[in-house]
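The next block holds one structure in the form of structure tokens; read it before the comments.
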Amino acid sequence: MLRSPIRFCRACAAAVEHRIPDDGDTRVRAVCPACGTIHYENPLNVVGTVPVWGERVLLCRRAIEPRRGLWTLPAGFMELGETTEQGALRETREEAGADVALEGLFTLLNVARVGQVHIYYRARLLSEHLAPGPETLEARLFAEHEIPWDELAFRTVHETLRRYFDDRRRGCFGVHTGNIG
């Protein structure tokens with residue numbers, strides 16, 4: 001399992017059993033023998049942006065684990081009650097103190113081994129003013145040749161940046177999907 005298995009029912013607090021439910025499901029689930037609740041565990045969404053000012057891209061140096069001290073695009077876990085767009089805007093403000101205008105979905109990358117889906121939007125910075133939050137050591141704008149490729153925190157960030165610069169050279173931005181092993 002990718003996360004700690006569910007041990008107690010969220011509905012009645014009884015100890016759960018891990019088995020295939022009797023409802024025709026084909027996967028092992030946490031099933032409550034007391035009230036019958038089936039607990040589903042689903043991937044988490046990570047949402048963020050590729051913020052751009054002119055020819056430069058905004059990156060944040062992480063102040064938290066995992067991968068403290070390495071560079072990333074502003075992104076984080078989506079919250080309940082928000083859309084992917086709202087989450088991407090919130091994470092960009094929280095991590096970089098940057099205001100952006102979204103310019104469209106850019107990458108959707110499955111990271112099945114850790115139960116996550118990473119979603120990045122292209123974004124235009126509305127000013128050069130940055131005010132990094134507590135999760136960020138430093139926020140900086142980088143030209144393509146300045147990107148610290150060997151110091152990027154996550155493979156999804158590397159893949160998103162690579163595709164961004166490829167599309168920019170072509171003069172046409174697409175939506176990219178893929179799987180990160």
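Letters for chains follow the order of the structure tokens (A, B, ...), residue numbers begin at 1 for each chain, and ligand numbers begin at 1 in the order shown.
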With a distance cut-off of 9 Å and only C-alpha atoms, select the neighbouring residues of Ile38 in chain A, excluding the residue or stretch itself and same-chain residues fewer than 3 positions from it, and output the selection as an mmCIF file with N, CA and C atoms, in the first residue's frame.
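And here is the file that came out, result01.cif:
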```cif
data_model
loop_
_atom_site.group_PDB
_atom_site.id
_atom_site.type_symbol
_atom_site.label_atom_id
_atom_site.label_comp_id
_atom_site.auth_asym_id
_atom_site.auth_seq_id
_atom_site.Cartn_x
_atom_site.Cartn_y
_atom_site.Cartn_z
ATOM 1 N N CYS A 9 -13.234 2.209 10.958
ATOM 2 C CA CYS A 9 -14.308 2.779 10.142
ATOM 3 C C CYS A 9 -14.499 4.251 10.491
ATOM 4 N N PRO A 21 -15.055 -6.324 -1.368
ATOM 5 C CA PRO A 21 -16.452 -6.184 -0.947
ATOM 6 C C PRO A 21 -17.364 -7.133 -1.716
ATOM 7 N N ARG A 29 -10.584 -3.674 -0.318
ATOM 8 C CA ARG A 29 -10.952 -2.398 0.289
ATOM 9 C C ARG A 29 -11.046 -2.576 1.799
ATOM 10 N N ALA A 30 -11.059 -1.464 2.509
ATOM 11 C CA ALA A 30 -11.336 -1.492 3.947
ATOM 12 C C ALA A 30 -12.853 -1.545 4.088
ATOM 13 N N VAL A 31 -13.363 -2.640 4.622
ATOM 14 C CA VAL A 31 -14.802 -2.848 4.763
ATOM 15 C C VAL A 31 -15.125 -2.986 6.243
ATOM 16 N N CYS A 32 -16.131 -2.247 6.693
ATOM 17 C CA CYS A 32 -16.541 -2.310 8.096
ATOM 18 C C CYS A 32 -17.531 -3.458 8.285
#
```
10 Å contact set for Ile6 in chain A, only C-alpha atoms, chain neighbours under 4 positions out, as a CSV table (one decimal) with N, CA and C atoms, in the first residue's frame:
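File produced: out-v7.csv:
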```csv
chain,number,residue,atom,x,y,z
A,10,ARG,N,-14.6,5.1,9.5
A,10,ARG,CA,-14.8,6.5,9.7
A,10,ARG,C,-16.3,6.8,10.1
A,15,ALA,N,-13.3,-1.7,14.0
A,15,ALA,CA,-12.1,-2.2,13.2
A,15,ALA,C,-12.6,-2.7,11.9
A,16,VAL,N,-11.9,-2.3,10.8
A,16,VAL,CA,-12.3,-2.8,9.5
A,16,VAL,C,-11.6,-4.1,9.1
A,17,GLU,N,-12.1,-4.7,8.1
A,17,GLU,CA,-11.5,-5.9,7.4
A,17,GLU,C,-11.0,-5.4,6.1
A,18,HIS,N,-9.9,-6.0,5.6
A,18,HIS,CA,-9.4,-5.7,4.3
A,18,HIS,C,-9.7,-6.9,3.4
A,29,ARG,N,-10.6,-3.7,-0.3
A,29,ARG,CA,-11.0,-2.4,0.3
A,29,ARG,C,-11.0,-2.6,1.8
A,30,ALA,N,-11.1,-1.5,2.5
A,30,ALA,CA,-11.3,-1.5,3.9
A,30,ALA,C,-12.9,-1.5,4.1
A,31,VAL,N,-13.4,-2.6,4.6
A,31,VAL,CA,-14.8,-2.8,4.8
A,31,VAL,C,-15.1,-3.0,6.2
A,39,HIS,N,-14.7,1.7,2.5
A,39,HIS,CA,-13.8,2.9,2.4
A,39,HIS,C,-12.9,2.8,1.2
A,40,TYR,N,-13.0,3.8,0.3
A,40,TYR,CA,-12.2,3.8,-0.9
A,40,TYR,C,-11.1,4.8,-0.7
A,41,GLU,N,-9.9,4.4,-1.2
A,41,GLU,CA,-8.7,5.3,-1.1
A,41,GLU,C,-8.4,5.6,-2.5
```
Write out as a Markdown table the residues of range 26-57 of chain A that have any atom within 7 Å of an atom of range 119-142 of chain A, one row each with the nearest atom pair and its distance in Å to one decimal, counting only C-alpha atoms, sorted by chain and then rising number.
```
| residue | atom | partner | partner_atom | distance |
| --- | --- | --- | --- | --- |
| A:Val46 | CA | A:Ile119 | CA | 6.1 |
| A:Val47 | CA | A:Ile119 | CA | 4.8 |
| A:Gly48 | CA | A:Tyr120 | CA | 4.8 |
| A:Thr49 | CA | A:Tyr121 | CA | 4.7 |
| A:Val50 | CA | A:Arg122 | CA | 4.9 |
| A:Pro51 | CA | A:Ala123 | CA | 4.6 |
| A:Val52 | CA | A:Arg124 | CA | 5.1 |
| A:Trp53 | CA | A:Leu125 | CA | 5.5 |
| A:Arg56 | CA | A:Phe142 | CA | 4.9 |
| A:Val57 | CA | A:Phe142 | CA | 5.2 |
```
Query - Among the residues A:Gly97, A:Gly54, A:Gly181, A:Pro5, the one that comes closest to Val28 in chain A [using only C-alpha atoms] - result: A:Pro5
Requested in this report: Taking the chain letters and numbering used in this document, name the residues of range 30-133 of chain A that DSSP puts in alpha helix (DSSP H), as a ChimeraX atom specification.
Outcome: /A:84-96
Can those selected residues be exported to a file as an mmCIF file, in the first residue's frame so that it contains all heavy atoms?
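Contents of result.cif, as written:
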```
data_model
loop_
_atom_site.group_PDB
_atom_site.id
_atom_site.type_symbol
_atom_site.label_atom_id
_atom_site.label_comp_id
_atom_site.auth_asym_id
_atom_site.auth_seq_id
_atom_site.Cartn_x
_atom_site.Cartn_y
_atom_site.Cartn_z
ATOM 1 N N THR A 84 -9.388 22.599 -9.545
ATOM 2 C CA THR A 84 -7.949 22.493 -9.822
ATOM 3 C C THR A 84 -7.362 23.876 -10.101
ATOM 4 O O THR A 84 -6.251 24.175 -9.664
ATOM 5 C CB THR A 84 -7.664 21.540 -10.995
ATOM 6 O OG1 THR A 84 -8.381 21.960 -12.160
ATOM 7 C CG2 THR A 84 -8.044 20.103 -10.646
ATOM 8 N N GLU A 85 -8.115 24.724 -10.791
ATOM 9 C CA GLU A 85 -7.633 26.076 -11.080
ATOM 10 C C GLU A 85 -7.465 26.887 -9.803
ATOM 11 O O GLU A 85 -6.446 27.568 -9.612
ATOM 12 C CB GLU A 85 -8.587 26.816 -12.029
ATOM 13 C CG GLU A 85 -8.662 26.241 -13.421
ATOM 14 C CD GLU A 85 -9.795 25.225 -13.584
ATOM 15 O OE1 GLU A 85 -10.313 24.712 -12.557
ATOM 16 O OE2 GLU A 85 -10.152 24.941 -14.740
ATOM 17 N N GLN A 86 -8.460 26.835 -8.915
ATOM 18 C CA GLN A 86 -8.370 27.568 -7.646
ATOM 19 C C GLN A 86 -7.186 27.072 -6.815
ATOM 20 O O GLN A 86 -6.466 27.874 -6.215
ATOM 21 C CB GLN A 86 -9.669 27.413 -6.851
ATOM 22 C CG GLN A 86 -10.837 28.142 -7.455
ATOM 23 C CD GLN A 86 -12.170 27.731 -6.825
ATOM 24 O OE1 GLN A 86 -12.327 26.634 -6.303
ATOM 25 N NE2 GLN A 86 -13.145 28.638 -6.888
ATOM 26 N N GLY A 87 -6.976 25.779 -6.786
ATOM 27 C CA GLY A 87 -5.852 25.215 -6.039
ATOM 28 C C GLY A 87 -4.515 25.661 -6.604
ATOM 29 O O GLY A 87 -3.596 26.001 -5.863
ATOM 30 N N ALA A 88 -4.399 25.679 -7.931
ATOM 31 C CA ALA A 88 -3.150 26.104 -8.566
ATOM 32 C C ALA A 88 -2.857 27.571 -8.248
ATOM 33 O O ALA A 88 -1.714 27.932 -7.947
ATOM 34 C CB ALA A 88 -3.224 25.877 -10.075
ATOM 35 N N LEU A 89 -3.884 28.416 -8.305
ATOM 36 C CA LEU A 89 -3.703 29.833 -7.967
ATOM 37 C C LEU A 89 -3.316 29.996 -6.496
ATOM 38 O O LEU A 89 -2.407 30.765 -6.166
ATOM 39 C CB LEU A 89 -4.980 30.612 -8.268
ATOM 40 C CG LEU A 89 -5.326 30.793 -9.739
ATOM 41 C CD1 LEU A 89 -6.742 31.344 -9.896
ATOM 42 C CD2 LEU A 89 -4.312 31.693 -10.429
ATOM 43 N N ARG A 90 -4.000 29.265 -5.608
ATOM 44 C CA ARG A 90 -3.701 29.356 -4.169
ATOM 45 C C ARG A 90 -2.272 28.916 -3.888
ATOM 46 O O ARG A 90 -1.530 29.594 -3.164
ATOM 47 C CB ARG A 90 -4.688 28.482 -3.374
ATOM 48 C CG ARG A 90 -4.395 28.438 -1.872
ATOM 49 C CD ARG A 90 -5.286 27.468 -1.134
ATOM 50 N NE ARG A 90 -5.368 26.157 -1.733
ATOM 51 C CZ ARG A 90 -4.401 25.220 -1.643
ATOM 52 N NH1 ARG A 90 -3.276 25.470 -1.001
ATOM 53 N NH2 ARG A 90 -4.565 24.042 -2.210
ATOM 54 N N GLU A 91 -1.855 27.800 -4.449
ATOM 55 C CA GLU A 91 -0.497 27.305 -4.213
ATOM 56 C C GLU A 91 0.556 28.287 -4.727
ATOM 57 O O GLU A 91 1.590 28.484 -4.098
ATOM 58 C CB GLU A 91 -0.300 25.921 -4.840
ATOM 59 C CG GLU A 91 -1.002 24.808 -4.098
ATOM 60 C CD GLU A 91 -0.387 24.501 -2.739
ATOM 61 O OE1 GLU A 91 0.767 24.890 -2.481
ATOM 62 O OE2 GLU A 91 -1.065 23.852 -1.927
ATOM 63 N N THR A 92 0.295 28.929 -5.858
ATOM 64 C CA THR A 92 1.240 29.900 -6.412
ATOM 65 C C THR A 92 1.365 31.113 -5.492
ATOM 66 O O THR A 92 2.465 31.610 -5.256
ATOM 67 C CB THR A 92 0.814 30.305 -7.836
ATOM 68 O OG1 THR A 92 0.734 29.116 -8.638
ATOM 69 C CG2 THR A 92 1.800 31.276 -8.461
ATOM 70 N N ARG A 93 0.229 31.565 -4.941
ATOM 71 C CA ARG A 93 0.267 32.677 -3.979
ATOM 72 C C ARG A 93 0.969 32.260 -2.687
ATOM 73 O O ARG A 93 1.797 32.990 -2.151
ATOM 74 C CB ARG A 93 -1.144 33.172 -3.673
ATOM 75 C CG ARG A 93 -1.690 34.148 -4.692
ATOM 76 C CD ARG A 93 -2.986 34.803 -4.244
ATOM 77 N NE ARG A 93 -4.051 33.854 -3.956
ATOM 78 C CZ ARG A 93 -4.877 33.340 -4.860
ATOM 79 N NH1 ARG A 93 -4.777 33.709 -6.118
ATOM 80 N NH2 ARG A 93 -5.810 32.489 -4.508
ATOM 81 N N GLU A 94 0.629 31.077 -2.158
ATOM 82 C CA GLU A 94 1.209 30.630 -0.889
ATOM 83 C C GLU A 94 2.719 30.404 -0.986
ATOM 84 O O GLU A 94 3.463 30.786 -0.091
ATOM 85 C CB GLU A 94 0.552 29.315 -0.429
ATOM 86 C CG GLU A 94 -0.847 29.482 0.099
ATOM 87 C CD GLU A 94 -1.491 28.155 0.487
ATOM 88 O OE1 GLU A 94 -0.835 27.089 0.427
ATOM 89 O OE2 GLU A 94 -2.667 28.189 0.862
ATOM 90 N N GLU A 95 3.160 29.772 -2.054
ATOM 91 C CA GLU A 95 4.571 29.397 -2.142
ATOM 92 C C GLU A 95 5.470 30.503 -2.656
ATOM 93 O O GLU A 95 6.615 30.606 -2.221
ATOM 94 C CB GLU A 95 4.729 28.132 -2.990
ATOM 95 C CG GLU A 95 4.098 26.942 -2.308
ATOM 96 C CD GLU A 95 4.444 25.621 -2.952
ATOM 97 O OE1 GLU A 95 5.234 25.598 -3.922
ATOM 98 O OE2 GLU A 95 3.916 24.607 -2.483
ATOM 99 N N ALA A 96 4.976 31.301 -3.587
ATOM 100 C CA ALA A 96 5.831 32.322 -4.200
ATOM 101 C C ALA A 96 5.370 33.745 -3.912
ATOM 102 O O ALA A 96 6.091 34.689 -4.210
ATOM 103 C CB ALA A 96 5.896 32.108 -5.711
#
```
Requested in this report: Check range 92-171 of chain A with DSSP on the backbone and list each residue it calls strand (DSSP E), as a PyMOL selection string.
Outcome: chain A and resi 100-111+116-125+136-142
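Every protein, DNA or RNA residue with an atom at most 9 Å from Arg113 in chain A, where only C-alpha atoms count and chain neighbours fewer than 2 positions away do not, is listed here: Leu2, Asn110, Val111, Gly115, Gln116, Ile180 and Gly181 of chain A.
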